[in-house]
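Pasting protein.csv here (CSV, C-alpha atoms and all ligand atoms):
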chain,number,residue,atom,x,y,z
A,1,MET,CA,50.6,10.5,-7.8
A,2,ASN,CA,49.2,14.0,-8.3
A,3,PRO,CA,49.4,15.4,-4.7
A,4,GLY,CA,45.9,16.9,-4.8
A,5,TRP,CA,44.2,13.8,-6.3
A,6,PHE,CA,41.8,13.4,-3.4
A,7,GLN,CA,40.1,16.8,-3.9
A,8,PHE,CA,37.2,16.9,-6.3
A,9,ALA,CA,34.3,19.1,-7.3
A,10,GLY,CA,31.1,18.4,-5.3
A,11,GLN,CA,32.9,16.9,-2.3
A,12,GLN,CA,31.3,19.4,0.2
A,13,GLU,CA,27.8,18.1,-0.8
A,14,LEU,CA,28.6,14.5,0.1
A,15,PRO,CA,27.3,13.1,3.3
A,16,SER,CA,29.9,11.7,5.8
A,17,PRO,CA,31.1,9.2,6.3
A,18,CYS,CA,31.0,8.0,2.8
A,19,LEU,CA,33.2,6.0,0.5
A,20,VAL,CA,34.4,7.5,-2.8
A,21,VAL,CA,35.9,5.7,-5.7
A,22,HIS,CA,37.9,7.4,-8.5
A,23,ARG,CA,37.0,5.9,-11.8
A,24,ASP,CA,39.9,7.3,-13.8
A,25,GLN,CA,42.4,6.0,-11.3
A,26,ILE,CA,40.7,2.6,-11.4
A,27,ALA,CA,41.0,2.5,-15.2
A,28,GLN,CA,44.7,3.4,-14.9
A,29,ASN,CA,45.3,0.7,-12.4
A,30,LEU,CA,43.6,-1.9,-14.6
A,31,ALA,CA,45.7,-0.7,-17.6
A,32,ARG,CA,48.8,-1.1,-15.4
A,33,MET,CA,47.7,-4.6,-14.4
A,34,LEU,CA,47.2,-5.5,-18.1
A,35,ALA,CA,50.7,-4.3,-18.9
A,36,THR,CA,52.2,-6.3,-16.0
A,37,ALA,CA,50.3,-9.5,-16.9
A,38,GLY,CA,51.2,-9.1,-20.6
A,39,SER,CA,47.6,-9.9,-21.8
A,40,ALA,CA,44.1,-10.0,-20.6
A,41,ALA,CA,44.0,-13.8,-20.9
A,42,ARG,CA,46.7,-14.0,-18.1
A,43,LEU,CA,44.8,-11.6,-15.8
A,44,ARG,CA,42.1,-12.8,-13.4
A,45,PRO,CA,41.5,-9.9,-10.9
A,46,HIS,CA,40.1,-10.8,-7.5
A,47,ILE,CA,36.8,-8.8,-7.3
A,48,LYS,CA,36.4,-9.2,-3.5
A,49,THR,CA,38.3,-5.9,-3.3
A,50,HIS,CA,35.5,-3.8,-4.7
A,51,LYS,CA,32.4,-6.1,-5.0
A,52,LEU,CA,31.1,-3.6,-7.7
A,53,ALA,CA,29.3,-4.6,-10.9
A,54,GLN,CA,30.5,-1.4,-12.6
A,55,ILE,CA,34.1,-2.3,-12.1
A,56,VAL,CA,33.5,-5.8,-13.5
A,57,ALA,CA,31.9,-4.1,-16.5
A,58,LEU,CA,34.8,-1.8,-16.8
A,59,GLN,CA,37.2,-4.7,-16.7
A,60,SER,CA,35.2,-6.4,-19.5
A,61,SER,CA,35.3,-3.3,-21.6
A,62,MET,CA,39.1,-3.5,-21.4
A,63,GLY,CA,39.1,-7.1,-22.5
A,64,ILE,CA,39.4,-8.6,-19.0
A,65,SER,CA,36.7,-11.2,-18.9
A,66,LYS,CA,38.1,-13.5,-16.2
A,67,CYS,CA,37.8,-12.9,-12.5
A,68,LYS,CA,38.2,-14.5,-9.1
A,69,CYS,CA,35.7,-14.2,-6.3
A,70,ALA,CA,35.4,-15.3,-2.7
A,71,THR,CA,31.7,-15.5,-2.2
A,72,LEU,CA,28.7,-16.8,-4.2
A,73,ALA,CA,27.2,-13.3,-4.2
A,74,GLU,CA,30.3,-12.0,-5.9
A,75,ALA,CA,30.1,-14.8,-8.4
A,76,GLU,CA,26.5,-14.0,-9.2
A,77,MET,CA,27.2,-10.3,-9.4
A,78,ALA,CA,30.1,-10.8,-11.7
A,79,ALA,CA,28.1,-13.1,-14.0
A,80,GLY,CA,25.3,-10.6,-14.2
A,81,ALA,CA,27.8,-7.8,-14.9
A,82,GLY,CA,29.5,-9.4,-17.9
A,83,ALA,CA,32.4,-11.5,-16.7
A,84,ASN,CA,32.4,-14.8,-18.7
A,85,ASP,CA,35.0,-16.8,-16.7
A,86,ILE,CA,34.5,-16.8,-12.9
A,87,LEU,CA,36.6,-18.8,-10.4
A,88,LEU,CA,35.2,-19.2,-6.9
A,89,ALA,CA,38.2,-19.3,-4.6
A,90,LEU,CA,36.5,-20.6,-1.5
A,91,GLN,CA,35.7,-24.3,-1.5
A,92,PRO,CA,31.9,-24.6,-1.5
A,93,VAL,CA,30.5,-26.7,1.4
A,94,GLY,CA,27.1,-27.4,2.9
A,95,PRO,CA,24.1,-25.6,1.2
A,96,ASN,CA,26.6,-23.5,-0.8
A,97,GLN,CA,27.2,-26.4,-3.1
A,98,GLU,CA,23.5,-26.4,-4.2
A,99,ARG,CA,23.6,-22.6,-4.5
A,100,LEU,CA,26.6,-22.9,-6.8
A,101,VAL,CA,24.8,-25.4,-9.0
A,102,GLY,CA,21.9,-22.9,-9.2
A,103,ILE,CA,24.1,-20.0,-10.2
A,104,VAL,CA,25.9,-22.1,-12.8
A,105,ALA,CA,22.5,-23.1,-14.2
A,106,ARG,CA,21.3,-19.5,-14.3
A,107,PHE,CA,24.3,-18.3,-16.4
A,108,PRO,CA,24.8,-21.0,-19.0
A,109,LYS,CA,27.2,-18.8,-21.1
A,110,VAL,CA,29.6,-18.2,-18.2
A,111,ARG,CA,32.5,-20.6,-17.5
A,112,PHE,CA,32.5,-21.2,-13.8
A,113,SER,CA,35.1,-23.0,-11.7
A,114,THR,CA,35.8,-23.5,-8.1
A,115,VAL,CA,38.7,-24.5,-5.8
A,116,VAL,CA,38.7,-27.8,-3.8
A,117,ASP,CA,41.2,-29.3,-1.4
A,118,ASP,CA,39.2,-32.2,0.1
A,119,PRO,CA,38.2,-35.5,-1.5
A,120,ALA,CA,34.8,-35.7,0.2
A,121,VAL,CA,33.9,-32.2,-0.8
A,122,ALA,CA,34.9,-32.8,-4.3
A,123,ASP,CA,32.9,-36.1,-4.5
A,124,ALA,CA,29.8,-34.4,-3.1
A,125,LEU,CA,30.1,-31.5,-5.4
A,126,GLY,CA,30.6,-33.8,-8.4
A,127,GLN,CA,27.5,-35.7,-7.4
A,128,ARG,CA,25.4,-32.6,-7.3
A,129,PHE,CA,26.5,-31.4,-10.8
A,130,HIS,CA,26.4,-34.9,-12.3
A,131,ALA,CA,22.8,-35.4,-11.0
A,132,ARG,CA,21.8,-32.3,-13.1
A,133,GLY,CA,23.7,-33.6,-16.2
A,134,ARG,CA,26.3,-30.8,-15.6
A,135,HIS,CA,29.9,-30.5,-14.5
A,136,ILE,CA,32.1,-27.9,-12.9
A,137,GLU,CA,35.8,-27.3,-13.3
A,138,ALA,CA,37.6,-27.8,-10.0
A,139,LEU,CA,41.1,-26.3,-9.3
A,140,LEU,CA,43.2,-28.0,-6.7
A,141,ASP,CA,43.9,-25.5,-3.9
A,142,ILE,CA,47.5,-25.7,-2.9
A,143,ASP,CA,48.8,-24.5,0.5
A,144,LEU,CA,52.0,-22.5,-0.3
A,145,GLY,CA,52.7,-21.8,3.4
A,146,GLN,CA,49.9,-19.6,4.5
A,147,ASN,CA,48.2,-22.5,6.2
A,148,ARG,CA,44.8,-21.1,5.6
A,149,THR,CA,43.3,-23.5,3.0
A,150,GLY,CA,44.7,-26.0,0.6
A,151,ILE,CA,46.7,-29.1,0.5
A,152,LEU,CA,50.5,-29.2,0.6
A,153,PRO,CA,52.2,-29.9,-2.7
A,154,GLY,CA,53.3,-33.5,-2.9
A,155,PRO,CA,52.0,-37.1,-3.4
A,156,ALA,CA,48.6,-36.5,-1.6
A,157,ALA,CA,48.0,-33.5,-3.7
A,158,LEU,CA,48.8,-35.4,-6.9
A,159,ASP,CA,46.4,-38.2,-5.8
A,160,LEU,CA,43.6,-35.7,-5.2
A,161,TYR,CA,44.1,-34.2,-8.7
A,162,ARG,CA,43.9,-37.6,-10.2
A,163,ARG,CA,40.7,-38.2,-8.3
A,164,LEU,CA,39.3,-35.0,-9.6
A,165,ALA,CA,40.0,-36.2,-13.1
A,166,ARG,CA,37.9,-39.4,-12.6
A,167,THR,CA,35.1,-37.9,-10.5
A,168,PRO,CA,31.8,-37.6,-12.5
A,169,GLY,CA,30.5,-34.0,-12.5
A,170,ILE,CA,34.0,-32.6,-12.0
A,171,ARG,CA,36.6,-31.7,-14.6
A,172,PRO,CA,40.2,-31.0,-13.4
A,173,GLY,CA,40.6,-27.2,-13.8
A,174,GLY,CA,44.2,-26.7,-12.9
A,175,ILE,CA,45.9,-25.5,-9.7
A,176,HIS,CA,45.2,-22.5,-7.5
A,177,ALA,CA,48.1,-21.3,-5.3
A,178,TYR,CA,47.7,-18.1,-3.2
A,179,ASP,CA,50.7,-16.8,-1.3
A,180,GLY,CA,49.1,-14.1,0.9
A,181,HIS,CA,51.6,-14.8,3.7
A,182,LEU,CA,54.4,-13.2,1.8
A,183,HIS,CA,54.7,-9.6,3.0
A,184,GLN,CA,58.4,-8.8,2.4
A,185,SER,CA,58.7,-5.1,1.6
A,186,ASP,CA,62.0,-5.7,-0.2
A,187,PRO,CA,61.2,-6.8,-3.8
A,188,ALA,CA,64.2,-9.1,-4.1
A,189,GLU,CA,63.4,-10.9,-0.8
A,190,ARG,CA,59.7,-11.2,-1.8
A,191,SER,CA,60.7,-12.6,-5.2
A,192,LYS,CA,62.9,-15.2,-3.7
A,193,ALA,CA,60.2,-16.3,-1.2
A,194,ALA,CA,57.5,-16.4,-3.9
A,195,ARG,CA,59.7,-18.4,-6.3
A,196,ASP,CA,60.8,-20.9,-3.6
A,197,ALA,CA,57.1,-21.4,-2.4
A,198,LEU,CA,55.9,-21.9,-6.0
A,199,ALA,CA,58.7,-24.3,-7.1
A,200,PRO,CA,56.9,-27.5,-5.9
A,201,VAL,CA,53.7,-26.4,-7.7
A,202,LEU,CA,55.5,-26.1,-11.0
A,203,GLU,CA,57.0,-29.6,-10.4
A,204,MET,CA,53.4,-30.9,-9.8
A,205,ASP,CA,52.2,-29.2,-12.9
A,206,THR,CA,54.9,-30.9,-15.0
A,207,SER,CA,54.3,-34.4,-13.5
A,208,LEU,CA,50.5,-34.2,-14.0
A,209,ARG,CA,51.0,-33.2,-17.6
A,210,GLU,CA,53.5,-36.0,-18.1
A,211,GLU,CA,50.8,-38.4,-16.8
A,212,GLY,CA,48.5,-37.0,-19.6
A,213,LEU,CA,46.2,-35.1,-17.2
A,214,PRO,CA,44.9,-31.7,-18.3
A,215,VAL,CA,46.1,-28.8,-16.2
A,216,PRO,CA,44.4,-25.9,-18.0
A,217,ARG,CA,45.5,-23.1,-15.6
A,218,LEU,CA,47.7,-22.2,-12.7
A,219,VAL,CA,46.0,-19.3,-10.9
A,220,LEU,CA,48.7,-17.6,-8.8
A,221,GLY,CA,49.1,-15.0,-6.1
A,222,GLY,CA,47.8,-11.6,-5.1
A,223,THR,CA,49.1,-8.1,-5.5
A,224,PRO,CA,52.5,-8.3,-3.7
A,225,THR,CA,53.6,-11.3,-5.9
A,226,PHE,CA,51.8,-10.2,-9.1
A,227,PRO,CA,54.9,-8.8,-10.9
A,228,ILE,CA,56.9,-11.9,-9.8
A,229,HIS,CA,54.6,-14.5,-11.1
A,230,ALA,CA,54.0,-12.4,-14.2
A,231,GLN,CA,57.6,-13.3,-15.2
A,232,LEU,CA,56.6,-16.9,-15.7
A,233,THR,CA,56.1,-17.7,-19.4
A,234,LEU,CA,54.0,-20.9,-19.0
A,235,PRO,CA,50.9,-20.4,-21.1
A,236,SER,CA,48.6,-21.7,-18.4
A,237,VAL,CA,49.6,-19.0,-15.9
A,238,GLU,CA,46.9,-16.6,-14.7
A,239,LEU,CA,47.5,-13.8,-12.1
A,240,SER,CA,44.9,-12.9,-9.5
A,241,PRO,CA,45.7,-9.6,-7.8
A,242,GLY,CA,42.8,-7.7,-6.3
A,243,THR,CA,43.9,-4.9,-4.0
A,244,CYS,CA,45.8,-3.0,-6.7
A,245,VAL,CA,42.5,-2.1,-8.4
A,246,LEU,CA,41.7,0.3,-5.6
A,247,TRP,CA,45.1,0.4,-3.8
A,248,ASP,CA,45.1,1.2,-0.1
A,249,ALA,CA,47.3,2.9,2.4
A,250,GLY,CA,48.5,-0.4,3.8
A,251,TYR,CA,49.8,-1.8,0.6
A,252,ALA,CA,51.3,1.6,-0.4
A,253,ALA,CA,53.3,1.7,2.8
A,254,ARG,CA,54.4,-2.0,2.6
A,255,TYR,CA,55.1,-2.3,-1.1
A,256,PRO,CA,56.6,1.0,-2.5
A,257,ASP,CA,57.9,-0.9,-5.5
A,258,LEU,CA,54.3,-1.4,-6.7
A,259,GLU,CA,53.2,1.9,-8.3
A,260,TYR,CA,49.4,1.8,-8.3
A,261,LEU,CA,47.2,4.8,-7.8
A,262,HIS,CA,44.9,5.3,-4.8
A,263,ALA,CA,41.4,5.0,-6.2
A,264,ALA,CA,39.3,4.9,-3.0
A,265,GLN,CA,39.0,7.3,-0.1
A,266,ILE,CA,36.5,8.1,2.7
A,267,ILE,CA,35.0,11.5,3.2
A,268,THR,CA,34.8,12.3,6.9
A,269,ARG,CA,34.1,15.4,9.0
A,270,VAL,CA,35.1,16.8,12.3
A,271,VAL,CA,32.1,16.4,14.6
A,272,SER,CA,33.7,17.7,17.8
A,273,ARG,CA,36.9,19.2,19.3
A,274,PRO,CA,37.0,17.6,22.8
A,275,SER,CA,40.2,19.2,24.0
A,276,GLN,CA,43.2,21.1,22.7
A,277,GLY,CA,45.1,19.2,20.0
A,278,ARG,CA,42.2,16.7,19.4
A,279,ILE,CA,39.5,16.4,16.9
A,280,CYS,CA,36.8,13.7,16.7
A,281,LEU,CA,35.7,12.5,13.3
A,282,ASP,CA,32.6,10.6,12.1
A,283,LEU,CA,34.8,7.7,11.1
A,284,GLY,CA,34.1,4.8,13.4
A,285,HIS,CA,34.6,1.0,13.0
A,286,LYS,CA,31.3,1.0,11.1
A,287,ALA,CA,32.8,3.1,8.3
A,288,VAL,CA,36.4,1.7,7.9
A,289,ALA,CA,37.8,-1.7,8.3
A,290,SER,CA,39.1,-2.2,11.8
A,291,GLU,CA,40.5,-5.7,11.9
A,292,MET,CA,44.0,-4.4,11.9
A,293,ALA,CA,45.9,-2.2,14.4
A,294,GLN,CA,46.0,1.5,13.9
A,295,PRO,CA,46.4,3.4,11.7
A,296,ARG,CA,43.2,2.3,10.0
A,297,VAL,CA,43.4,5.3,7.7
A,298,THR,CA,45.9,7.9,6.7
A,299,PHE,CA,45.0,11.5,6.0
A,300,PRO,CA,46.9,13.0,3.1
A,301,ALA,CA,46.4,16.5,4.3
A,302,LEU,CA,47.2,15.7,7.9
A,303,PRO,CA,50.5,13.9,8.0
A,304,ASP,CA,51.0,14.3,11.8
A,305,ALA,CA,47.6,12.8,12.7
A,306,LYS,CA,47.7,10.2,15.4
A,307,ILE,CA,44.6,8.1,16.0
A,308,VAL,CA,44.1,7.8,19.8
A,309,LEU,CA,40.6,6.4,20.2
A,310,HIS,CA,38.3,4.5,17.8
A,311,SER,CA,34.8,3.4,18.5
A,312,GLU,CA,31.7,2.4,16.5
A,313,GLU,CA,31.0,5.9,15.0
A,314,HIS,CA,33.9,8.0,16.3
A,315,MET,CA,37.6,8.4,15.6
A,316,VAL,CA,39.6,10.7,17.8
A,317,VAL,CA,42.8,12.1,16.3
A,318,GLU,CA,45.6,14.1,17.8
A,319,THR,CA,47.1,16.7,15.5
A,320,ALA,CA,48.9,20.0,15.9
A,321,GLU,CA,46.4,21.3,13.2
A,322,ALA,CA,43.3,20.8,15.5
A,323,GLY,CA,43.0,24.5,16.1
A,324,ARG,CA,42.2,25.2,12.4
A,325,LEU,CA,39.7,22.3,12.1
A,326,PRO,CA,36.4,23.3,13.6
A,327,PRO,CA,33.4,21.0,13.6
A,328,GLY,CA,32.1,20.5,10.0
A,329,THR,CA,35.6,20.5,8.5
A,330,LEU,CA,35.9,17.9,5.8
A,331,LEU,CA,38.8,15.5,5.8
A,332,HIS,CA,40.0,12.9,3.2
A,333,ALA,CA,41.0,9.5,4.6
A,334,ILE,CA,42.7,6.6,2.7
A,335,PRO,CA,41.7,3.3,4.2
A,336,TRP,CA,44.6,1.1,5.4
A,337,HIS,CA,42.7,-2.0,4.2
A,338,VAL,CA,40.3,-1.2,1.4
A,339,CYS,CA,38.6,-4.6,0.7
A,340,PRO,CA,36.7,-4.9,4.0
A,341,THR,CA,36.1,-1.2,4.1
A,342,VAL,CA,34.1,-1.4,0.8
A,343,ALA,CA,31.9,-4.1,2.4
A,344,LEU,CA,30.8,-1.7,5.1
A,345,HIS,CA,29.2,0.7,2.6
A,346,GLU,CA,25.9,0.3,0.8
A,347,ARG,CA,27.1,2.5,-2.1
A,348,VAL,CA,30.1,4.3,-3.3
A,349,HIS,CA,30.2,7.8,-4.7
A,350,VAL,CA,32.0,7.9,-8.0
A,351,VAL,CA,34.4,10.6,-9.1
A,352,GLN,CA,35.1,10.9,-12.8
A,353,ASN,CA,36.9,13.8,-14.6
A,354,GLY,CA,37.4,15.4,-11.2
A,355,GLN,CA,33.8,15.6,-10.1
A,356,THR,CA,31.1,13.5,-8.5
A,357,GLY,CA,27.4,13.1,-9.1
A,358,ARG,CA,26.8,9.3,-9.4
A,359,THR,CA,26.7,6.4,-7.0
A,360,TRP,CA,27.2,2.7,-7.5
A,361,PRO,CA,25.6,0.2,-5.2
A,362,VAL,CA,28.0,-2.2,-3.6
A,363,THR,CA,25.9,-5.1,-4.9
A,364,ALA,CA,28.0,-8.0,-3.7
A,365,ARG,CA,28.3,-6.9,-0.1
A,366,ALA,CA,25.2,-9.0,0.4
A,367,ARG,CA,25.7,-12.6,1.3
A,368,SER,CA,23.1,-13.6,-1.3
A,369,LEU,CA,21.6,-11.7,-4.2
A,370,GLN,CA,18.6,-13.9,-4.2
A,371,PRO,CA,15.6,-12.6,-2.2
B,401,LIG,C1,42.7,-16.4,-2.7
B,401,LIG,C2,43.1,-15.0,-2.9
B,401,LIG,N1,43.6,-14.7,-4.1
B,401,LIG,C3,43.9,-13.4,-4.4
B,401,LIG,C4,43.8,-12.4,-3.5
B,401,LIG,C5,44.2,-11.0,-3.9
B,401,LIG,O1,45.3,-10.6,-3.1
B,401,LIG,P1,45.6,-9.0,-2.9
B,401,LIG,O2,44.6,-8.5,-2.0
B,401,LIG,O3,47.0,-9.0,-2.4
B,401,LIG,O4,45.5,-8.4,-4.2
B,401,LIG,C6,43.4,-12.7,-2.2
B,401,LIG,C7,43.3,-11.7,-1.2
B,401,LIG,O5,42.9,-11.9,0.0
B,401,LIG,C8,43.0,-14.1,-1.9
B,401,LIG,O6,42.5,-14.4,-0.7

Go ahead and render the structure in this file as structure tokens.
Amino acid sequence: MNPGWFQFAGQQELPSPCLVVHRDQIAQNLARMLATAGSAARLRPHIKTHKLAQIVALQSSMGISKCKCATLAEAEMAAGAGANDILLALQPVGPNQERLVGIVARFPKVRFSTVVDDPAVADALGQRFHARGRHIEALLDIDLGQNRTGILPGPAALDLYRRLARTPGIRPGGIHAYDGHLHQSDPAERSKAARDALAPVLEMDTSLREEGLPVPRLVLGGTPTFPIHAQLTLPSVELSPGTCVLWDAGYAARYPDLEYLHAAQIITRVVSRPSQGRICLDLGHKAVASEMAQPRVTFPALPDAKIVLHSEEHMVVETAEAGRLPPGTLLHAIPWHVCPTVALHERVHVVQNGQTGRTWPVTARARSLQP
């Protein structure tokens, strides 16, 4: 990556803290994703990373019309921004089922699908769609070992898929299998773990097809296992990485084999120098995701920075460079975890051709786009 990539014309005019996205790097990351997937039809990027209509539109302009989302607001935003095949990867329950019916009705040209892992949820969802003379494709959510959602592969999972096939209002949409628990830095170890975890899913796929049931797609993985699942040649395979669109410091540190470009940074400023060797920045929990341990950001121009205190609006950093960083000094910070960082910002400032001037609203940070 160009070592000075984070500098751009107009940066001194930006308020701090603010989130900046680099459109050219985003386009390059998307092009790289297309190359890894082999075709746009095999790529279903997870848009929870950015929640931005403009990136969905950019994806569409590059032929990527499918996406995955985690919330109904993201689904609605993506449908409005031009995606034409949207998978909701969080089983809809309670009033969210009716909200989903409403969104599907509002965008009749968009192909919507959802994941399910529970027979009662599937039945209730089917009833709601059937009552409106509609249906929704439901993908069986398989637990690959993360133990977050899903059903373990095996006889009960096969039974649930058969049930989906006979539930009015539901069409069996294939299998969803996410392996977000696989964090091996070593690509060979990660490959082995991903292949081992996926093997029973491929067996399920074969046996369901042998029974004559449609399994239109296998939606697999996130960024760390993206190049691994991309080697599968089954025509139904779709790959659903998200973080690589913006690429953050956490993934860059953990997965050096994945060569994406950083495309998001936070502009922050020194607000105080409380003591020798220390600076305080306007980069608190409310501006950068803080669900993880430190470091929650890295500073490309300050490699020795050590974050020693972090509160709502303040970040205190120890650095040997403090003496040359008076209040007002601008610093560039790369979020460790970009997805929840984006959700903290109302808008992003956009850099294109090395300069800024525009903003994009982070539309889908809302829980609902309806008033
Ligand atoms: C279900 C699901 N699919 C795909 C992804 C994308 O993974 P990554 O952030 O590694 O790209 C996530 C991330 O949380 C996810 O929860």

- Find the distance between atom CA of Ile103 of chain A and atom CA of Gln54 of chain A and write it in Å to one decimal.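 It comes out at 19.8 Å.
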
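Of the residues under consideration (A:Leu325, A:Ala188, A:Ile47, A:Val20), A:Ile47 shows the shortest atom-to-atom contact distance to ligand LIG 401 (chain B) when counting only C-alpha atoms and all ligand atoms.
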
- Task: Measuring atom to atom with all atoms listed in the file, identify which of A:Gly242, A:Gly212, A:Pro371, A:Gly80 is nearest to ligand LIG 401 (chain B).
- Result: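 Comparing A:Gly242, A:Gly212, A:Pro371, A:Gly80 against ligand LIG 401 (chain B), the winner is A:Gly242.
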
Would you tabulate, counting all atoms listed in the file, all residues of chain A that have an atom at most 10 Å from an atom of ligand LIG 401 (chain B), showing the closest pair of atoms and their distance in Å to one decimal, sorted by chain then ascending number, as JSON lines?
{"residue": "A:Arg44", "atom": "CA", "partner": "B:LIG401", "partner_atom": "C3", "distance": 9.2}
{"residue": "A:Pro45", "atom": "CA", "partner": "B:LIG401", "partner_atom": "C5", "distance": 7.6}
{"residue": "A:His46", "atom": "CA", "partner": "B:LIG401", "partner_atom": "C5", "distance": 5.5}
{"residue": "A:Ile47", "atom": "CA", "partner": "B:LIG401", "partner_atom": "C5", "distance": 8.4}
{"residue": "A:Lys48", "atom": "CA", "partner": "B:LIG401", "partner_atom": "C7", "distance": 7.7}
{"residue": "A:Thr49", "atom": "CA", "partner": "B:LIG401", "partner_atom": "O2", "distance": 6.9}
{"residue": "A:Lys68", "atom": "CA", "partner": "B:LIG401", "partner_atom": "N1", "distance": 7.4}
{"residue": "A:Cys69", "atom": "CA", "partner": "B:LIG401", "partner_atom": "C1", "distance": 8.2}
{"residue": "A:Ala70", "atom": "CA", "partner": "B:LIG401", "partner_atom": "C1", "distance": 7.4}
{"residue": "A:Leu88", "atom": "CA", "partner": "B:LIG401", "partner_atom": "C1", "distance": 9.0}
{"residue": "A:Ala89", "atom": "CA", "partner": "B:LIG401", "partner_atom": "C1", "distance": 5.7}
{"residue": "A:Leu90", "atom": "CA", "partner": "B:LIG401", "partner_atom": "C1", "distance": 7.6}
{"residue": "A:Val115", "atom": "CA", "partner": "B:LIG401", "partner_atom": "C1", "distance": 9.6}
{"residue": "A:Asp141", "atom": "CA", "partner": "B:LIG401", "partner_atom": "C1", "distance": 9.3}
{"residue": "A:Arg148", "atom": "CA", "partner": "B:LIG401", "partner_atom": "O6", "distance": 9.5}
{"residue": "A:Thr149", "atom": "CA", "partner": "B:LIG401", "partner_atom": "C1", "distance": 9.1}
{"residue": "A:His176", "atom": "CA", "partner": "B:LIG401", "partner_atom": "C1", "distance": 8.2}
{"residue": "A:Ala177", "atom": "CA", "partner": "B:LIG401", "partner_atom": "C1", "distance": 7.7}
{"residue": "A:Tyr178", "atom": "CA", "partner": "B:LIG401", "partner_atom": "C1", "distance": 5.3}
{"residue": "A:Asp179", "atom": "CA", "partner": "B:LIG401", "partner_atom": "N1", "distance": 7.9}
{"residue": "A:Gly180", "atom": "CA", "partner": "B:LIG401", "partner_atom": "O3", "distance": 6.4}
{"residue": "A:His181", "atom": "CA", "partner": "B:LIG401", "partner_atom": "O3", "distance": 9.6}
{"residue": "A:Leu182", "atom": "CA", "partner": "B:LIG401", "partner_atom": "O3", "distance": 9.5}
{"residue": "A:His183", "atom": "CA", "partner": "B:LIG401", "partner_atom": "O3", "distance": 9.4}
{"residue": "A:Val219", "atom": "CA", "partner": "B:LIG401", "partner_atom": "N1", "distance": 8.6}
{"residue": "A:Leu220", "atom": "CA", "partner": "B:LIG401", "partner_atom": "N1", "distance": 7.5}
{"residue": "A:Gly221", "atom": "CA", "partner": "B:LIG401", "partner_atom": "C3", "distance": 5.7}
{"residue": "A:Gly222", "atom": "CA", "partner": "B:LIG401", "partner_atom": "O1", "distance": 3.4}
{"residue": "A:Thr223", "atom": "CA", "partner": "B:LIG401", "partner_atom": "O4", "distance": 3.8}
{"residue": "A:Pro224", "atom": "CA", "partner": "B:LIG401", "partner_atom": "O3", "distance": 5.7}
{"residue": "A:Thr225", "atom": "CA", "partner": "B:LIG401", "partner_atom": "O3", "distance": 7.8}
{"residue": "A:Phe226", "atom": "CA", "partner": "B:LIG401", "partner_atom": "O4", "distance": 8.2}
{"residue": "A:Leu239", "atom": "CA", "partner": "B:LIG401", "partner_atom": "C3", "distance": 8.5}
{"residue": "A:Ser240", "atom": "CA", "partner": "B:LIG401", "partner_atom": "C3", "distance": 5.2}
{"residue": "A:Pro241", "atom": "CA", "partner": "B:LIG401", "partner_atom": "O4", "distance": 3.8}
{"residue": "A:Gly242", "atom": "CA", "partner": "B:LIG401", "partner_atom": "O4", "distance": 3.5}
{"residue": "A:Thr243", "atom": "CA", "partner": "B:LIG401", "partner_atom": "O4", "distance": 3.9}
{"residue": "A:Cys244", "atom": "CA", "partner": "B:LIG401", "partner_atom": "O4", "distance": 6.0}
{"residue": "A:Val245", "atom": "CA", "partner": "B:LIG401", "partner_atom": "O4", "distance": 8.1}
{"residue": "A:Leu246", "atom": "CA", "partner": "B:LIG401", "partner_atom": "O4", "distance": 9.6}
{"residue": "A:Trp247", "atom": "CA", "partner": "B:LIG401", "partner_atom": "O4", "distance": 8.8}
{"residue": "A:Asp248", "atom": "CA", "partner": "B:LIG401", "partner_atom": "O2", "distance": 9.9}
{"residue": "A:Tyr251", "atom": "CA", "partner": "B:LIG401", "partner_atom": "O3", "distance": 8.3}
{"residue": "A:His337", "atom": "CA", "partner": "B:LIG401", "partner_atom": "O2", "distance": 9.2}
{"residue": "A:Val338", "atom": "CA", "partner": "B:LIG401", "partner_atom": "O2", "distance": 9.1}
{"residue": "A:Cys339", "atom": "CA", "partner": "B:LIG401", "partner_atom": "O2", "distance": 7.6}

- Report the distance between atom CA of Pro200 of chain A and atom CA of Asp118 of chain A in Å, rounded to one decimal place.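 Distance reported for this atom pair: 19.3 Å.
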
- Task: Would you kindly identify which residues have an atom no farther than 12 Å from (29.5, 4.5, -6.0), using only C-alpha atoms and the file's own coordinates, and write them out as a ChimeraX atom specification?
- Result: /A:14,18-23,50-55,263-266,342,345-352,356-363

For Val121 of chain A, work out the shell of residues within 10 Å, counting only C-alpha atoms and skipping chain neighbours fewer than 2 positions away, then give it as a PDB file with C-alpha atoms, in the coordinates of the input.
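Saved the output as part04.pdb:
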ATOM      1  CA  GLN A  91      35.700 -24.300  -1.500  1.00  0.00           C
ATOM      2  CA  PRO A  92      31.900 -24.600  -1.500  1.00  0.00           C
ATOM      3  CA  VAL A  93      30.500 -26.700   1.400  1.00  0.00           C
ATOM      4  CA  GLY A  94      27.100 -27.400   2.900  1.00  0.00           C
ATOM      5  CA  GLN A  97      27.200 -26.400  -3.100  1.00  0.00           C
ATOM      6  CA  VAL A 116      38.700 -27.800  -3.800  1.00  0.00           C
ATOM      7  CA  ASP A 117      41.200 -29.300  -1.400  1.00  0.00           C
ATOM      8  CA  ASP A 118      39.200 -32.200   0.100  1.00  0.00           C
ATOM      9  CA  PRO A 119      38.200 -35.500  -1.500  1.00  0.00           C
ATOM     10  CA  ASP A 123      32.900 -36.100  -4.500  1.00  0.00           C
ATOM     11  CA  ALA A 124      29.800 -34.400  -3.100  1.00  0.00           C
ATOM     12  CA  LEU A 125      30.100 -31.500  -5.400  1.00  0.00           C
ATOM     13  CA  GLY A 126      30.600 -33.800  -8.400  1.00  0.00           C
ATOM     14  CA  GLN A 127      27.500 -35.700  -7.400  1.00  0.00           C
TER      15      GLN A 127
END
